[in-house]
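**Q** One file: run39.tsv (TSV, C-alpha atoms).
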chain	number	residue	atom	x	y	z
A	441	MET	CA	-28.12	103.05	-117.43
A	442	PRO	CA	-25.26	103.69	-114.98
A	443	LYS	CA	-23.15	105.48	-117.60
A	444	ILE	CA	-26.01	107.83	-118.51
A	445	ARG	CA	-26.64	108.72	-114.86
A	446	GLN	CA	-22.94	109.48	-114.44
A	447	ILE	CA	-22.97	111.72	-117.54
A	448	ASN	CA	-26.05	113.49	-116.18
A	449	LYS	CA	-24.08	114.31	-113.02
A	450	HIS	CA	-21.21	115.64	-115.16
A	451	ILE	CA	-23.62	117.85	-117.14
A	452	ILE	CA	-25.09	119.31	-113.93
A	453	LYS	CA	-21.57	120.04	-112.65
A	454	GLY	CA	-20.53	121.43	-116.07
A	455	LYS	CA	-17.68	118.92	-116.37
A	456	ILE	CA	-18.34	116.79	-119.49
A	457	THR	CA	-15.38	114.60	-120.48
A	458	GLU	CA	-14.31	113.40	-123.94
A	459	LYS	CA	-15.54	109.92	-122.99
A	460	ASP	CA	-18.97	111.42	-122.14
A	461	TYR	CA	-19.21	112.95	-125.63
A	462	TYR	CA	-18.48	109.56	-127.20
A	463	VAL	CA	-21.17	107.86	-125.10
A	464	LEU	CA	-23.69	110.62	-125.94
A	465	SER	CA	-23.03	110.17	-129.67
A	466	LYS	CA	-23.95	106.45	-129.38
A	467	MET	CA	-27.15	106.94	-127.36
A	468	THR	CA	-30.43	105.44	-128.60
A	469	TYR	CA	-33.68	107.35	-129.02
A	470	GLU	CA	-35.02	105.88	-125.77
A	471	GLU	CA	-31.89	106.90	-123.82
A	472	VAL	CA	-32.03	110.48	-125.13
A	473	SER	CA	-35.76	110.61	-124.33
A	474	GLU	CA	-35.21	109.40	-120.77
A	475	MET	CA	-32.34	111.80	-120.16
A	476	PHE	CA	-33.54	114.96	-121.94
A	477	GLY	CA	-37.24	114.41	-122.74
A	478	ASP	CA	-39.29	113.40	-125.80
A	479	GLU	CA	-39.00	116.76	-127.56
A	480	SER	CA	-35.19	116.71	-127.48
A	481	ALA	CA	-35.20	113.07	-128.62
A	482	ASN	CA	-37.40	113.96	-131.63
A	483	ILE	CA	-35.08	116.83	-132.59
A	484	VAL	CA	-32.00	114.59	-132.35
A	485	SER	CA	-33.78	111.92	-134.38
A	486	SER	CA	-34.67	114.39	-137.17
A	487	ILE	CA	-31.13	115.81	-137.29
A	488	THR	CA	-29.68	112.29	-137.44
A	489	LYS	CA	-31.96	111.39	-140.38
A	490	ILE	CA	-30.87	114.51	-142.28
A	491	SER	CA	-27.18	113.86	-141.51
A	492	ASN	CA	-27.46	110.25	-142.71
A	493	LEU	CA	-29.41	111.26	-145.81
A	494	LYS	CA	-26.39	112.09	-147.97
A	495	GLN	CA	-24.69	108.86	-146.89
A	496	THR	CA	-27.61	106.58	-147.87
A	497	PHE	CA	-29.16	108.43	-150.81
A	498	LYS	CA	-27.32	109.92	-153.77
A	499	ILE	CA	-28.74	113.35	-154.44
A	500	ASN	CA	-28.51	114.61	-158.02
A	501	ASN	CA	-31.43	117.00	-157.72
A	502	PRO	CA	-30.88	119.86	-155.21
A	503	GLU	CA	-34.58	120.76	-155.29
A	504	LYS	CA	-35.52	117.21	-154.24
A	505	TYR	CA	-32.84	117.29	-151.52
A	506	ARG	CA	-34.26	120.57	-150.14
A	507	ARG	CA	-37.77	119.10	-149.98
A	508	ILE	CA	-36.51	116.01	-148.15
A	509	ILE	CA	-34.65	118.15	-145.58
A	510	VAL	CA	-37.73	120.29	-144.90
A	511	GLY	CA	-39.94	117.17	-144.80
A	512	LEU	CA	-37.73	115.42	-142.26
A	513	SER	CA	-37.69	118.50	-140.04
A	514	GLU	CA	-40.80	117.58	-138.07
A	515	ASN	CA	-39.87	120.17	-135.43
A	516	PRO	CA	-38.95	123.72	-136.56
A	517	SER	CA	-36.07	123.62	-134.05
A	518	THR	CA	-34.41	120.98	-136.25
A	519	LEU	CA	-34.07	123.42	-139.14
A	520	PHE	CA	-32.77	126.19	-136.87
A	521	ILE	CA	-30.14	123.84	-135.43
A	522	LYS	CA	-29.06	122.75	-138.91
A	523	PHE	CA	-28.81	126.37	-140.04
A	524	ALA	CA	-26.87	127.37	-136.91
A	525	ASP	CA	-24.48	124.46	-137.50
A	526	ARG	CA	-24.03	125.42	-141.15
A	527	LEU	CA	-23.40	129.07	-140.27
A	528	HIS	CA	-20.76	127.97	-137.76
A	529	ASN	CA	-19.14	125.80	-140.48
A	530	LEU	CA	-18.98	128.80	-142.82
A	531	ARG	CA	-17.58	131.13	-140.15
A	532	THR	CA	-14.80	128.63	-139.41
A	533	LEU	CA	-14.26	127.59	-143.02
A	534	LYS	CA	-10.57	128.55	-143.00
A	535	VAL	CA	-9.71	125.60	-140.72
A	536	HIS	CA	-10.80	123.08	-143.41
A	537	ASP	CA	-8.79	121.96	-146.41
A	538	GLU	CA	-9.63	123.32	-149.86
A	539	GLU	CA	-11.66	120.27	-150.95
A	540	HIS	CA	-13.85	120.35	-147.83
A	541	GLN	CA	-14.29	124.12	-148.20
A	542	LYS	CA	-15.62	123.63	-151.74
A	543	TYR	CA	-18.01	120.90	-150.56
A	544	ILE	CA	-19.43	123.07	-147.75
A	545	ILE	CA	-19.81	126.10	-150.04
A	546	ASP	CA	-21.51	124.10	-152.84
A	547	GLU	CA	-23.93	122.47	-150.40
A	548	THR	CA	-24.68	125.83	-148.78
A	549	ALA	CA	-25.34	127.52	-152.14
A	550	ASN	CA	-27.52	124.72	-153.51
A	551	ILE	CA	-29.38	123.62	-150.39
A	552	PHE	CA	-29.29	125.98	-147.40
A	553	ILE	CA	-29.43	129.42	-149.05
A	554	PRO	CA	-32.55	128.59	-151.15
A	555	ILE	CA	-34.31	127.16	-148.06
A	556	ALA	CA	-33.41	130.28	-146.05
A	557	HIS	CA	-34.78	132.44	-148.88
A	558	ARG	CA	-38.10	130.57	-149.01
A	559	LEU	CA	-38.51	130.67	-145.23
A	560	GLY	CA	-37.90	134.43	-145.17
A	561	MET	CA	-34.66	134.12	-143.16
A	562	LYS	CA	-33.15	137.17	-144.85
A	563	LYS	CA	-30.35	137.85	-142.38
A	564	MET	CA	-29.26	134.21	-142.35
A	565	LYS	CA	-29.38	134.02	-146.16
A	566	SER	CA	-27.41	137.26	-146.51
A	567	GLU	CA	-24.63	136.17	-144.13
A	568	MET	CA	-24.32	132.77	-145.82
A	569	GLU	CA	-24.04	134.43	-149.24
A	570	ASP	CA	-21.40	136.86	-147.96
A	571	LEU	CA	-19.33	134.11	-146.33
A	572	CYS	CA	-19.49	132.02	-149.50
A	573	LEU	CA	-18.45	135.04	-151.57
A	574	GLN	CA	-15.26	135.37	-149.54
A	575	TYR	CA	-14.09	132.01	-150.92
A	576	THR	CA	-15.84	131.75	-154.29
A	577	ALA	CA	-15.09	135.29	-155.46
A	578	LYS	CA	-11.77	136.17	-153.84
A	579	ASP	CA	-10.97	138.86	-156.41
A	580	GLU	CA	-14.25	140.67	-155.72
A	581	TYR	CA	-13.75	140.28	-151.97
A	582	ASN	CA	-10.25	141.79	-152.12
A	583	LYS	CA	-11.55	144.67	-154.25
A	584	ILE	CA	-14.25	145.37	-151.64
A	585	LEU	CA	-11.56	145.25	-148.94
A	586	ARG	CA	-9.36	147.73	-150.81
A	587	CYS	CA	-12.31	150.04	-151.53
A	588	PHE	CA	-13.12	150.08	-147.82
A	589	CYS	CA	-9.52	150.86	-146.87
A	590	THR	CA	-9.38	153.64	-149.48
A	591	ASP	CA	-12.53	155.06	-147.84
A	592	ILE	CA	-14.67	154.67	-150.96
A	593	THR	CA	-18.41	154.66	-150.19
A	594	ALA	CA	-20.48	151.50	-150.56
A	595	THR	CA	-22.34	153.03	-153.52
A	596	ALA	CA	-19.11	153.75	-155.42
A	597	CYS	CA	-17.70	150.33	-154.46
A	598	THR	CA	-20.78	148.64	-155.95
A	599	GLU	CA	-20.09	150.29	-159.30
A	600	ILE	CA	-16.36	149.48	-159.20
A	601	VAL	CA	-16.65	145.83	-158.16
A	602	GLY	CA	-19.96	145.01	-159.84
A	603	VAL	CA	-21.63	143.25	-156.91
A	604	ASN	CA	-24.93	143.82	-155.13
A	605	ARG	CA	-25.16	146.95	-152.95
A	606	ASN	CA	-26.50	144.93	-149.99
A	607	THR	CA	-23.48	142.61	-150.22
A	608	VAL	CA	-21.07	145.57	-150.08
A	609	ASN	CA	-22.95	147.12	-147.15
A	610	SER	CA	-22.89	143.80	-145.32
A	611	TRP	CA	-19.12	143.44	-145.75
A	612	TYR	CA	-18.45	147.07	-144.84
A	613	ASN	CA	-20.41	146.69	-141.61
A	614	ASP	CA	-18.63	143.41	-140.87
A	615	PHE	CA	-15.26	145.16	-141.27
A	616	ARG	CA	-16.43	147.95	-138.95
A	617	HIS	CA	-17.60	145.51	-136.28
A	618	LYS	CA	-14.25	143.73	-136.29
A	619	ILE	CA	-12.38	147.04	-136.22
A	620	MET	CA	-14.42	148.05	-133.16
A	621	ILE	CA	-13.62	144.75	-131.41
A	622	SER	CA	-9.92	145.23	-132.19
A	623	VAL	CA	-9.87	148.87	-131.04
A	624	LEU	CA	-11.56	148.05	-127.72
A	625	ALA	CA	-9.30	145.03	-127.13
A	626	GLU	CA	-6.15	147.10	-127.65
A	627	THR	CA	-7.15	150.02	-125.41
A	628	ARG	CA	-4.91	150.31	-122.36
A	629	SER	CA	-4.45	152.75	-119.47
A	630	GLU	CA	-1.39	154.92	-120.09
A	631	CYS	CA	0.71	157.64	-118.54
A	632	GLY	CA	1.80	160.76	-120.44
A	633	GLU	CA	0.46	164.07	-121.73
A	634	PHE	CA	-3.19	164.09	-122.82
A	635	GLU	CA	-5.82	166.37	-124.32
A	636	VAL	CA	-9.50	165.88	-123.45
A	637	ASP	CA	-12.58	167.38	-125.06
A	638	GLU	CA	-16.21	166.64	-125.93
A	639	SER	CA	-18.10	167.03	-129.18
A	640	TYR	CA	-21.63	166.50	-130.47
A	641	PHE	CA	-22.62	164.47	-133.52
A	642	GLY	CA	-25.97	164.54	-135.28
A	643	ALA	CA	-28.13	166.49	-137.70
A	644	HIS	CA	-27.44	170.07	-138.70
A	645	ARG	CA	-27.67	172.37	-135.73
A	646	VAL	CA	-30.78	174.37	-134.95
A	647	ARG	CA	-30.29	178.09	-135.44
A	648	GLY	CA	-29.24	179.72	-132.17
A	649	LYS	CA	-28.33	176.42	-130.49
A	650	ARG	CA	-24.86	174.98	-130.62
A	651	GLY	CA	-22.31	173.13	-128.52
A	652	ARG	CA	-23.56	171.69	-125.23
A	653	SER	CA	-27.02	173.24	-125.67
A	654	ALA	CA	-27.58	171.48	-129.01
A	655	ALA	CA	-30.67	169.29	-128.94
A	656	GLY	CA	-31.04	165.86	-130.53
A	657	LYS	CA	-27.31	165.23	-130.87
A	658	THR	CA	-25.10	162.45	-129.52
A	659	PRO	CA	-22.40	163.55	-127.05
A	660	VAL	CA	-18.97	161.98	-127.56
A	661	PHE	CA	-15.96	162.25	-125.26
A	662	GLY	CA	-12.48	162.19	-126.75
A	663	LEU	CA	-9.04	161.71	-125.25
A	664	LEU	CA	-5.79	162.15	-127.22
A	665	LYS	CA	-2.36	161.17	-125.97
A	666	ARG	CA	0.18	163.55	-127.48
A	667	GLY	CA	2.43	161.55	-129.76
A	668	GLY	CA	0.04	158.63	-129.39
A	669	LYS	CA	-3.52	157.60	-130.18
A	670	VAL	CA	-6.99	159.05	-129.80
A	671	ILE	CA	-9.72	157.24	-127.84
A	672	VAL	CA	-13.42	158.12	-128.16
A	673	ARG	CA	-16.45	157.04	-126.15
A	674	ILE	CA	-20.16	157.79	-126.57
A	675	VAL	CA	-21.49	159.21	-123.31
A	676	PRO	CA	-25.01	159.90	-122.00
A	677	ASP	CA	-24.04	163.50	-121.22
A	678	CYS	CA	-20.98	165.64	-120.58
A	679	THR	CA	-21.28	165.93	-116.83
A	680	ARG	CA	-18.47	165.26	-114.37
A	681	GLU	CA	-20.19	162.00	-113.35
A	682	SER	CA	-20.02	160.70	-116.95
A	683	LEU	CA	-16.54	161.92	-117.95
A	684	MET	CA	-14.41	161.44	-114.83
A	685	PRO	CA	-14.69	157.59	-114.67
A	686	ILE	CA	-13.54	157.36	-118.31
A	687	ILE	CA	-10.55	159.62	-117.67
A	688	GLN	CA	-9.56	157.69	-114.56
A	689	GLY	CA	-9.91	154.39	-116.41
A	690	LEU	CA	-7.68	155.44	-119.31
A	691	VAL	CA	-5.19	157.93	-117.82
A	692	LEU	CA	-2.82	156.88	-115.03
A	693	GLU	CA	-2.13	159.16	-112.07
A	694	GLY	CA	0.78	161.55	-112.51
A	695	SER	CA	-0.14	162.30	-116.14
A	696	THR	CA	-0.65	165.80	-117.54
A	697	ILE	CA	-4.10	166.69	-118.89
A	698	HIS	CA	-4.98	169.68	-121.07
A	699	SER	CA	-8.64	170.72	-121.39
A	700	ASP	CA	-10.88	173.69	-122.04
A	701	GLY	CA	-12.73	175.48	-119.25
A	702	TRP	CA	-15.72	173.10	-119.04
A	703	LYS	CA	-16.76	172.59	-115.40
A	704	ALA	CA	-16.82	168.78	-115.69
A	705	TYR	CA	-13.02	168.86	-115.55
A	706	ASP	CA	-12.95	170.58	-112.16
A	707	GLY	CA	-11.08	168.48	-109.65
A	708	LEU	CA	-8.65	166.71	-111.97
A	709	ILE	CA	-5.77	167.94	-109.80
A	710	LEU	CA	-7.40	166.31	-106.76
A	711	ASN	CA	-7.40	162.99	-108.66
A	712	GLY	CA	-3.62	163.03	-109.08
A	713	TYR	CA	-3.23	164.77	-112.46
A	714	ASP	CA	-1.37	167.92	-113.55
A	715	HIS	CA	-4.18	169.93	-115.13
A	716	TYR	CA	-3.86	172.90	-117.51
A	717	ARG	CA	-6.72	174.79	-119.15
A	718	VAL	CA	-7.45	177.13	-122.01
A	719	PHE	CA	-10.63	179.19	-121.82
A	720	HIS	CA	-12.37	179.30	-125.19
A	721	SER	CA	-15.11	181.52	-123.74
A	722	GLU	CA	-12.45	184.21	-123.32
A	723	ASN	CA	-11.09	183.65	-126.86
A	724	GLU	CA	-8.07	181.82	-125.50
A	725	PHE	CA	-7.21	178.84	-127.68
A	726	ALA	CA	-3.55	178.23	-126.86
A	727	ARG	CA	-1.11	179.25	-124.15
A	728	GLY	CA	2.30	177.79	-124.86
A	729	LYS	CA	1.94	174.02	-124.79
A	730	CYS	CA	-1.51	174.27	-123.25
A	731	HIS	CA	-4.14	173.68	-125.94
A	732	VAL	CA	-6.57	171.03	-127.20
A	733	ASN	CA	-5.83	171.48	-130.90
A	734	GLY	CA	-4.92	167.80	-131.32
A	735	ILE	CA	-8.27	166.37	-130.20
A	736	GLU	CA	-10.12	169.13	-132.06
A	737	ASN	CA	-8.26	168.08	-135.20
A	738	PHE	CA	-9.74	164.60	-134.73
A	739	TRP	CA	-13.27	166.02	-134.33
A	740	SER	CA	-12.84	167.84	-137.64
A	741	PHE	CA	-11.54	164.65	-139.31
A	742	ALA	CA	-14.42	162.51	-137.98
A	743	LYS	CA	-17.19	164.96	-138.88
A	744	ARG	CA	-15.87	165.47	-142.40
A	745	ARG	CA	-15.75	161.68	-142.89
A	746	LEU	CA	-19.23	161.04	-141.54
A	747	ALA	CA	-20.76	163.92	-143.52
A	748	LYS	CA	-20.26	162.05	-146.80
A	749	PHE	CA	-22.57	159.26	-145.57
A	750	ASN	CA	-25.42	161.78	-145.25
A	751	GLY	CA	-26.14	160.42	-141.80
A	752	CYS	CA	-26.24	156.86	-140.46
A	753	ASP	CA	-28.61	154.81	-138.33
A	754	SER	CA	-28.26	155.48	-134.61
A	755	ASP	CA	-27.51	151.81	-133.92
A	756	LYS	CA	-24.60	151.93	-136.39
A	757	PHE	CA	-23.14	155.24	-135.21
A	758	VAL	CA	-20.81	153.54	-132.72
A	759	ILE	CA	-19.13	151.35	-135.38
A	760	HIS	CA	-18.71	154.37	-137.68
A	761	LEU	CA	-17.20	156.35	-134.80
A	762	MET	CA	-14.79	153.52	-133.92
A	763	GLU	CA	-13.83	153.30	-137.60
A	764	CYS	CA	-12.94	157.01	-137.50
A	765	GLU	CA	-10.80	156.38	-134.41
A	766	TRP	CA	-9.02	153.48	-136.15
A	767	ARG	CA	-8.44	155.42	-139.38
A	768	TYR	CA	-7.09	158.45	-137.52
A	769	ASN	CA	-4.72	156.38	-135.36
A	770	HIS	CA	-3.41	154.54	-138.44
A	771	ARG	CA	-3.45	157.47	-140.85
A	772	ASN	CA	0.28	157.02	-141.56
A	773	ASP	CA	0.03	153.22	-141.95
A	774	ASP	CA	-1.05	150.90	-144.76
A	775	LEU	CA	-4.73	150.44	-143.84
A	776	TYR	CA	-5.09	147.38	-146.07
A	777	LYS	CA	-2.36	145.52	-144.17
A	778	GLU	CA	-3.74	146.70	-140.83
A	779	LEU	CA	-7.26	145.50	-141.67
A	780	CYS	CA	-5.98	142.14	-142.94
A	781	LYS	CA	-4.29	141.63	-139.54
A	782	ILE	CA	-7.59	142.36	-137.78
A	783	LEU	CA	-9.58	140.00	-140.05
A	784	LYS	CA	-7.11	137.18	-139.36
A	785	ARG	CA	-7.39	137.77	-135.61
A	786	TYR	CA	-11.19	138.03	-135.33
Would you mind writing the file's structure down as structure tokens?

**A**
Amino acid sequence: MPKIRQINKHIIKGKITEKDYYVLSKMTYEEVSEMFGDESANIVSSITKISNLKQTFKINNPEKYRRIIVGLSENPSTLFIKFADRLHNLRTLKVHDEEHQKYIIDETANIFIPIAHRLGMKKMKSEMEDLCLQYTAKDEYNKILRCFCTDITATACTEIVGVNRNTVNSWYNDFRHKIMISVLAETRSECGEFEVDESYFGAHRVRGKRGRSAAGKTPVFGLLKRGGKVIVRIVPDCTRESLMPIIQGLVLEGSTIHSDGWKAYDGLILNGYDHYRVFHSENEFARGKCHVNGIENFWSFAKRRLAKFNGCDSDKFVIHLMECEWRYNHRNDDLYKELCKILKRY
């Protein structure tokens, strides 16, 4: 077993070679058991039986095929590995040729999705269905994409396209996640003239409480480069300790910053910025070029957009907020083309 011992050393060092992979693929049950243990050997054995099944047995009955797969999965881990592998195949489907794509989709629809449904793997089943839809119903997928870019709600999109509401919601959230990844990846520190401000998002305000005293709302910090883009970040609070690191991370020294009179902005001059203020508490909203009307325009845009959703889950607020940032920054662009670029990249 000299080769196996050598591979074991490579695994420990994290340096597995192409030759190692070839040797591992030819290992016997006993060799796998000695190297990784009996449990791993049993899992590999079950997966190998399932993989060889379609090569040695012609399956004309999907129901019978499903029963055989479940029956051969002596260890539950085997099924999870097969499902993880299939999900990876679907997520990377675009690298395969059209014939192989059709084979993977047909097998997924007839074998894996029904098994996932019967085992109660709802999230797995839903994602597999959505990924298959992208290739089997391209017209419907493109309609969903255009509805999203036109800012049509999921409910209205369901009626227009004629697909399940959960499918539309799943795709909408997938678009939002990829938009968020793209927005964060493209954020850079810049020099120029900026406006900074904070706002609060949440339920309707309690009578007598507004602004920074509002309870139960999510504080959001916003930064707008004049002639450029807006950047927003959810913050735990609007104190100097929370806001200053964000400003310093996004705005280079020597830039000009416009803000209101909030005390968290005290000391911006000491950090190398030219700082100008308007004091809303004294009914001062603009003094020449000194104002924060640009960032406040974004707050109005974002709150009007989010109001039509009648609220959203707290765990999804961040992707909705990032979507607002993306839409505002590309308000003069073709959103369909912009989103297609993002979907090709991520």

**Q** Identify the residues around (-5.1, 158.6, -115.0) within a radius of 9 Å, measuring from only C-alpha atoms in the coordinates stated by the file, and give them as a list in words.

**A**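 Those within range, by chain then number, are Ser629, Glu630, Cys631, Ile687, Gln688, Gly689, Leu690, Val691, Leu692, Glu693, Gly694, Ser695, Thr696, Asn711, Gly712 and Tyr713 of chain A.
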
**Q** Can you tell me, as a list in words, what residues are no more than 7 Å from Tyr640 of chain A when counting only C-alpha atoms, ignoring any on the same chain fewer than 2 positions away?

**A**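 So the residues in contact are Gly642, Gly651, Lys657, Thr658, Pro659 and Val660 of chain A.
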
**Q** With a distance cut-off of 10 Å and only C-alpha atoms, select the neighbouring residues of Asn769 of chain A, excluding the residue or stretch itself and same-chain residues fewer than 3 positions from it, and output the selection as a ChimeraX atom specification.

**A** /A:668-671,738,763-766,772-773

**Q** Rank nothing, just name the residue among A:Val675, A:Glu724, A:Leu664, A:Glu681 nearest to Ile697 of chain A, using all atoms listed in the file.

**A**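 That would be A:Leu664, the residue with the smallest distance to Ile697 of chain A.
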
**Q** Distance table requested - segment 520-639 of chain A against segment 748-751 of chain A, cut-off 12 Å, only C-alpha atoms: one row per qualifying residue with the closest atom pair and its distance in Å to one decimal, ordered by chain and rising residue number, as a Markdown table.

**A**
| residue | atom | partner | partner_atom | distance |
| --- | --- | --- | --- | --- |
| A:Asp591 | CA | A:Lys748 | CA | 10.5 |
| A:Ile592 | CA | A:Lys748 | CA | 10.1 |
| A:Thr593 | CA | A:Phe749 | CA | 7.7 |
| A:Ala594 | CA | A:Phe749 | CA | 9.5 |
| A:Thr595 | CA | A:Phe749 | CA | 10.1 |
| A:Ala596 | CA | A:Phe749 | CA | 11.8 |

**Q** Store the residues of this selection in a file with C-alpha atoms, as an mmCIF file, in the frame of the given file.

**A**
data_model
loop_
_atom_site.group_PDB
_atom_site.id
_atom_site.type_symbol
_atom_site.label_atom_id
_atom_site.label_comp_id
_atom_site.auth_asym_id
_atom_site.auth_seq_id
_atom_site.Cartn_x
_atom_site.Cartn_y
_atom_site.Cartn_z
ATOM 1 C CA ASP A 591 -12.530 155.060 -147.840
ATOM 2 C CA ILE A 592 -14.670 154.670 -150.960
ATOM 3 C CA THR A 593 -18.410 154.660 -150.190
ATOM 4 C CA ALA A 594 -20.480 151.500 -150.560
ATOM 5 C CA THR A 595 -22.340 153.030 -153.520
ATOM 6 C CA ALA A 596 -19.110 153.750 -155.420
#

**Q** Taking into account all atoms listed in the file, which residue in the set A:Ala556, A:Ile709, A:Ile619, A:Ala577 is nearest to Leu775 of chain A?

**A**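 Smallest separation from Leu775 of chain A among the options: A:Ile619.
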
**Q** Go through A:Met564, A:Ala704, A:Ile545, A:Val636 and flag the residue nearest Thr576 of chain A, using all atoms listed in the file for the distances.

**A**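 Checking each candidate against Thr576 of chain A, we get A:Ile545 as the closest.
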
**Q** Between A:Ser639, A:Asn550, A:Ser699, A:Asn723, which is the closest to Lys743 of chain A once you count all atoms listed in the file?

**A**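 Using all atoms listed in the file, the shortest distance to Lys743 of chain A belongs to A:Ser639.
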
**Q** For segment 657-672 of chain A, I'd like the enclosing box, axis-aligned and padded by 8 Å on every side, reported as lines of an AutoDock Vina configuration file with centre and edge lengths in Å to one decimal.

**A**
center_x = -12.4
center_y = 161.2
center_z = -128.1
size_x = 45.7
size_y = 24.0
size_z = 21.6

**Q** With distances taken over only C-alpha atoms, which residue among A:Leu571, A:Val608, A:Val623, A:Ala549 lies nearest His770 of chain A?

**A**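 Once distances to His770 of chain A are computed over only C-alpha atoms, the minimum belongs to A:Val623.
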
**Q** Return the single residue from A:Ala747, A:Met467, A:Ile735, A:Ile782 that is closest to Arg666 of chain A, with distances computed using all atoms listed in the file.

**A**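 Looking at the shortest contact to Arg666 of chain A, the residue is A:Ile735.
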
**Q** Can you work out the spacing between atom CA of Leu527 of chain A and atom CA of Met568 of chain A in Å, to one decimal?

**A**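 Interatomic distance, atom CA of Leu527 of chain A to atom CA of Met568 of chain A: 6.7 Å.
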
**Q** What is the atom CA of Ser622 of chain A to atom CA of Phe757 of chain A distance in Å?

**A**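 Calculated distance between atom CA of Ser622 of chain A and atom CA of Phe757 of chain A is 16.9 Å.
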
**Q** Can I get C-alpha atoms for segment 521-547 of chain A, as a short mmCIF file (atom, residue, chain, number, x, y, z; two decimals), in the first residue's frame?

**A**
data_model
loop_
_atom_site.label_atom_id
_atom_site.label_comp_id
_atom_site.auth_asym_id
_atom_site.auth_seq_id
_atom_site.Cartn_x
_atom_site.Cartn_y
_atom_site.Cartn_z
CA ILE A 521 -24.23 13.07 -1.36
CA LYS A 522 -26.15 12.08 -4.49
CA PHE A 523 -28.51 15.04 -4.07
CA ALA A 524 -25.61 17.44 -3.45
CA ASP A 525 -23.89 16.14 -6.58
CA ARG A 526 -27.07 16.50 -8.63
CA LEU A 527 -27.66 20.04 -7.35
CA HIS A 528 -24.09 20.95 -8.33
CA ASN A 529 -24.71 19.47 -11.81
CA LEU A 530 -27.82 21.64 -12.21
CA ARG A 531 -26.08 24.79 -10.98
CA THR A 532 -23.29 24.27 -13.52
CA LEU A 533 -25.56 23.02 -16.31
CA LYS A 534 -24.46 25.73 -18.75
CA VAL A 535 -21.00 24.12 -19.14
CA HIS A 536 -22.55 20.97 -20.68
CA ASP A 537 -23.70 20.51 -24.26
CA GLU A 538 -27.41 20.59 -25.08
CA GLU A 539 -27.82 16.79 -25.20
CA HIS A 540 -26.20 16.29 -21.78
CA GLN A 541 -28.29 19.16 -20.36
CA LYS A 542 -31.48 17.41 -21.50
CA TYR A 543 -30.33 14.11 -19.98
CA ILE A 544 -29.55 15.71 -16.59
CA ILE A 545 -32.85 17.63 -16.54
CA ASP A 546 -34.95 14.57 -17.50
CA GLU A 547 -33.26 12.40 -14.88
#
